[in-house]
file start.pdb (PDB, C-alpha atoms)
ATOM      1  CA  MET A  15       2.044  -2.015  -1.530
ATOM      2  CA  SER A  16       0.961  -3.303  -4.896
ATOM      3  CA  GLY A  17      -0.535  -6.759  -5.057
ATOM      4  CA  GLN A  18       1.132  -9.767  -6.602
ATOM      5  CA  PHE A  19      -2.182 -10.811  -8.164
ATOM      6  CA  THR A  20      -5.816  -9.736  -8.370
ATOM      7  CA  MET A  21      -8.517 -11.473  -6.346
ATOM      8  CA  TYR A  22     -12.028 -11.183  -7.755
ATOM      9  CA  THR A  23     -14.591 -11.400  -4.974
ATOM     10  CA  THR A  24     -18.046 -10.481  -3.713
ATOM     11  CA  PRO A  25     -18.765  -8.973  -0.280
ATOM     12  CA  TRP A  26     -20.874 -11.984   0.794
ATOM     13  CA  CYS A  27     -18.427 -14.744  -0.229
ATOM     14  CA  GLY A  28     -17.278 -16.749   2.788
ATOM     15  CA  TYR A  29     -14.530 -18.474   0.796
ATOM     16  CA  CYS A  30     -13.216 -15.049  -0.224
ATOM     17  CA  HIS A  31     -13.141 -13.823   3.388
ATOM     18  CA  ARG A  32     -11.317 -16.962   4.493
ATOM     19  CA  LEU A  33      -8.688 -16.739   1.752
ATOM     20  CA  LYS A  34      -8.174 -13.008   2.368
ATOM     21  CA  SER A  35      -7.517 -13.605   6.073
ATOM     22  CA  GLN A  36      -5.091 -16.446   5.289
ATOM     23  CA  LEU A  37      -3.215 -14.311   2.742
ATOM     24  CA  ASP A  38      -3.089 -11.388   5.175
ATOM     25  CA  ARG A  39      -1.676 -13.682   7.862
ATOM     26  CA  GLU A  40       1.009 -14.856   5.409
ATOM     27  CA  GLY A  41       1.839 -11.266   4.397
ATOM     28  CA  ILE A  42       0.927 -11.877   0.748
ATOM     29  CA  ALA A  43      -0.093  -8.717  -1.094
ATOM     30  CA  TYR A  44      -3.044  -8.734  -3.498
ATOM     31  CA  GLU A  45      -5.519  -6.420  -5.166
ATOM     32  CA  VAL A  46      -9.252  -6.935  -4.603
ATOM     33  CA  VAL A  47     -11.955  -6.362  -7.208
ATOM     34  CA  ASP A  48     -15.644  -6.744  -6.314
ATOM     35  CA  ILE A  49     -17.326  -8.300  -9.340
ATOM     36  CA  GLU A  50     -20.706  -6.961  -8.213
ATOM     37  CA  GLN A  51     -19.380  -3.406  -8.645
ATOM     38  CA  ASP A  52     -17.400  -4.004 -11.855
ATOM     39  CA  PRO A  53     -19.247  -5.624 -14.783
ATOM     40  CA  ALA A  54     -16.007  -6.057 -16.770
ATOM     41  CA  ALA A  55     -14.518  -7.968 -13.828
ATOM     42  CA  ALA A  56     -17.592 -10.194 -13.673
ATOM     43  CA  ASP A  57     -17.143 -10.923 -17.390
ATOM     44  CA  LEU A  58     -13.492 -11.816 -16.830
ATOM     45  CA  VAL A  59     -14.390 -14.179 -13.977
ATOM     46  CA  MET A  60     -17.027 -15.841 -16.155
ATOM     47  CA  SER A  61     -14.514 -16.209 -19.002
ATOM     48  CA  VAL A  62     -12.126 -18.272 -16.841
ATOM     49  CA  ASN A  63     -14.853 -20.242 -15.043
ATOM     50  CA  GLY A  64     -16.942 -21.696 -17.834
ATOM     51  CA  GLY A  65     -19.528 -18.910 -17.735
ATOM     52  CA  ASN A  66     -19.910 -18.970 -13.937
ATOM     53  CA  GLN A  67     -19.271 -16.087 -11.552
ATOM     54  CA  THR A  68     -17.259 -18.279  -9.198
ATOM     55  CA  VAL A  69     -15.252 -16.439  -6.536
ATOM     56  CA  PRO A  70     -12.640 -16.130  -5.293
ATOM     57  CA  THR A  71     -10.941 -16.149  -8.660
ATOM     58  CA  LEU A  72      -7.294 -15.100  -8.653
ATOM     59  CA  VAL A  73      -5.604 -13.786 -11.788
ATOM     60  CA  TYR A  74      -1.817 -13.590 -11.901
ATOM     61  CA  PRO A  75       0.480 -11.310 -13.913
ATOM     62  CA  ASP A  76       1.202 -14.146 -16.371
ATOM     63  CA  GLY A  77      -2.523 -14.298 -17.231
ATOM     64  CA  THR A  78      -3.215 -17.593 -15.473
ATOM     65  CA  ALA A  79      -6.069 -17.969 -13.009
ATOM     66  CA  GLN A  80      -7.027 -20.069  -9.994
ATOM     67  CA  THR A  81     -10.539 -20.532  -8.675
ATOM     68  CA  ASN A  82     -11.040 -20.938  -4.932
ATOM     69  CA  PRO A  83      -7.416 -21.980  -4.306
ATOM     70  CA  SER A  84      -5.929 -22.862  -0.953
ATOM     71  CA  VAL A  85      -3.263 -20.569   0.465
ATOM     72  CA  ALA A  86      -0.748 -23.351  -0.272
ATOM     73  CA  GLN A  87      -1.766 -23.320  -3.939
ATOM     74  CA  VAL A  88      -1.378 -19.534  -4.044
ATOM     75  CA  LYS A  89       2.081 -19.736  -2.480
ATOM     76  CA  ALA A  90       3.114 -22.452  -4.954
ATOM     77  CA  LYS A  91       1.950 -20.291  -7.878
ATOM     78  CA  LEU A  92       3.806 -17.260  -6.550
ATOM     79  CA  ASP A  93       6.959 -19.367  -6.146
ATOM     80  CA  GLU A  94       6.539 -20.571  -9.737
ATOM     81  CA  LEU A  95       6.199 -16.973 -10.979
ATOM     82  CA  ALA A  96       9.272 -15.872  -9.009
ATOM     83  CA  ALA A  97      11.454 -18.652 -10.450
TER      84      ALA A  97
END

call {"tool": "encode", "arguments": {"input": "start.pdb", "output": "structure tokens"}}
result
Amino acid sequence: MSGQFTMYTTPWCGYCHRLKSQLDREGIAYEVVDIEQDPAAADLVMSVNGGNQTVPTLVYPDGTAQTNPSVAQVKAKLDELAA
């Protein structure tokens, strides 16, 4: 199943692990990109976070991004995109 958004992460990020488990529990599909393995992804994350490699950063099909959102914020954004 294709993801509804892309989550930029690192393997050691506790916030990323927590959000992934919450999204999995809710049945929300997403793609994962490890910014430590993909320099272009790291550049993208820095471009939406004021030069910082802050993860998790979620990028949606409409080009908007959220940094370290709650699962409720993700669901609200997905509802907005579906409307």

call {"tool": "residues_around", "arguments": {"input": "start.pdb", "residues": "Thr23 in chain A", "least_positions_apart": "2", "cutoff": "7 Å", "atoms": "only C-alpha atoms", "output": "NGL selection string"}}
result
:A and (21 or 25 or 27 or 30 or 46-49 or 69-70)

call {"tool": "resolve_selection", "arguments": {"input": "start.pdb", "expression": "the PyMOL selection byres ((chain A and resi 32) around 12)", "output": "JSON list (two decimals) with C-alpha atoms, keeping the file's coordinate frame"}}
result
[["chain", "number", "residue", "atom", "x", "y", "z"],
["A", 23, "THR", "CA", -14.59, -11.40, -4.97],
["A", 25, "PRO", "CA", -18.76, -8.97, -0.28],
["A", 26, "TRP", "CA", -20.87, -11.98, 0.79],
["A", 27, "CYS", "CA", -18.43, -14.74, -0.23],
["A", 28, "GLY", "CA", -17.28, -16.75, 2.79],
["A", 29, "TYR", "CA", -14.53, -18.47, 0.80],
["A", 30, "CYS", "CA", -13.22, -15.05, -0.22],
["A", 31, "HIS", "CA", -13.14, -13.82, 3.39],
["A", 33, "LEU", "CA", -8.69, -16.74, 1.75],
["A", 34, "LYS", "CA", -8.17, -13.01, 2.37],
["A", 35, "SER", "CA", -7.52, -13.60, 6.07],
["A", 36, "GLN", "CA", -5.09, -16.45, 5.29],
["A", 37, "LEU", "CA", -3.22, -14.31, 2.74],
["A", 38, "ASP", "CA", -3.09, -11.39, 5.18],
["A", 39, "ARG", "CA", -1.68, -13.68, 7.86],
["A", 69, "VAL", "CA", -15.25, -16.44, -6.54],
["A", 70, "PRO", "CA", -12.64, -16.13, -5.29],
["A", 82, "ASN", "CA", -11.04, -20.94, -4.93],
["A", 83, "PRO", "CA", -7.42, -21.98, -4.31],
["A", 84, "SER", "CA", -5.93, -22.86, -0.95],
["A", 85, "VAL", "CA", -3.26, -20.57, 0.46]]

call {"tool": "resolve_selection", "arguments": {"input": "start.pdb", "expression": "the PyMOL selection byres ((chain A and resi 73) around 12)", "output": "PyMOL selection string"}}
result
chain A and resi 17-23+44-47+55+58-59+61-63+69-72+74-83+88+91-92

call {"tool": "atom_distance", "arguments": {"input": "start.pdb", "atom1": "CA of Ala86 in chain A", "atom2": "CA of Glu40 in chain A"}}
result
10.4 Å

call {"tool": "axis_aligned_box", "arguments": {"input": "start.pdb", "around": "range 68-86 of chain A", "padding_each_side": "5 Å", "output": "AutoDock Vina command-line options"}}
result
--center_x -8.0 --center_y -17.3 --center_z -8.4 --size_x 28.5 --size_y 22.0 --size_z 27.7
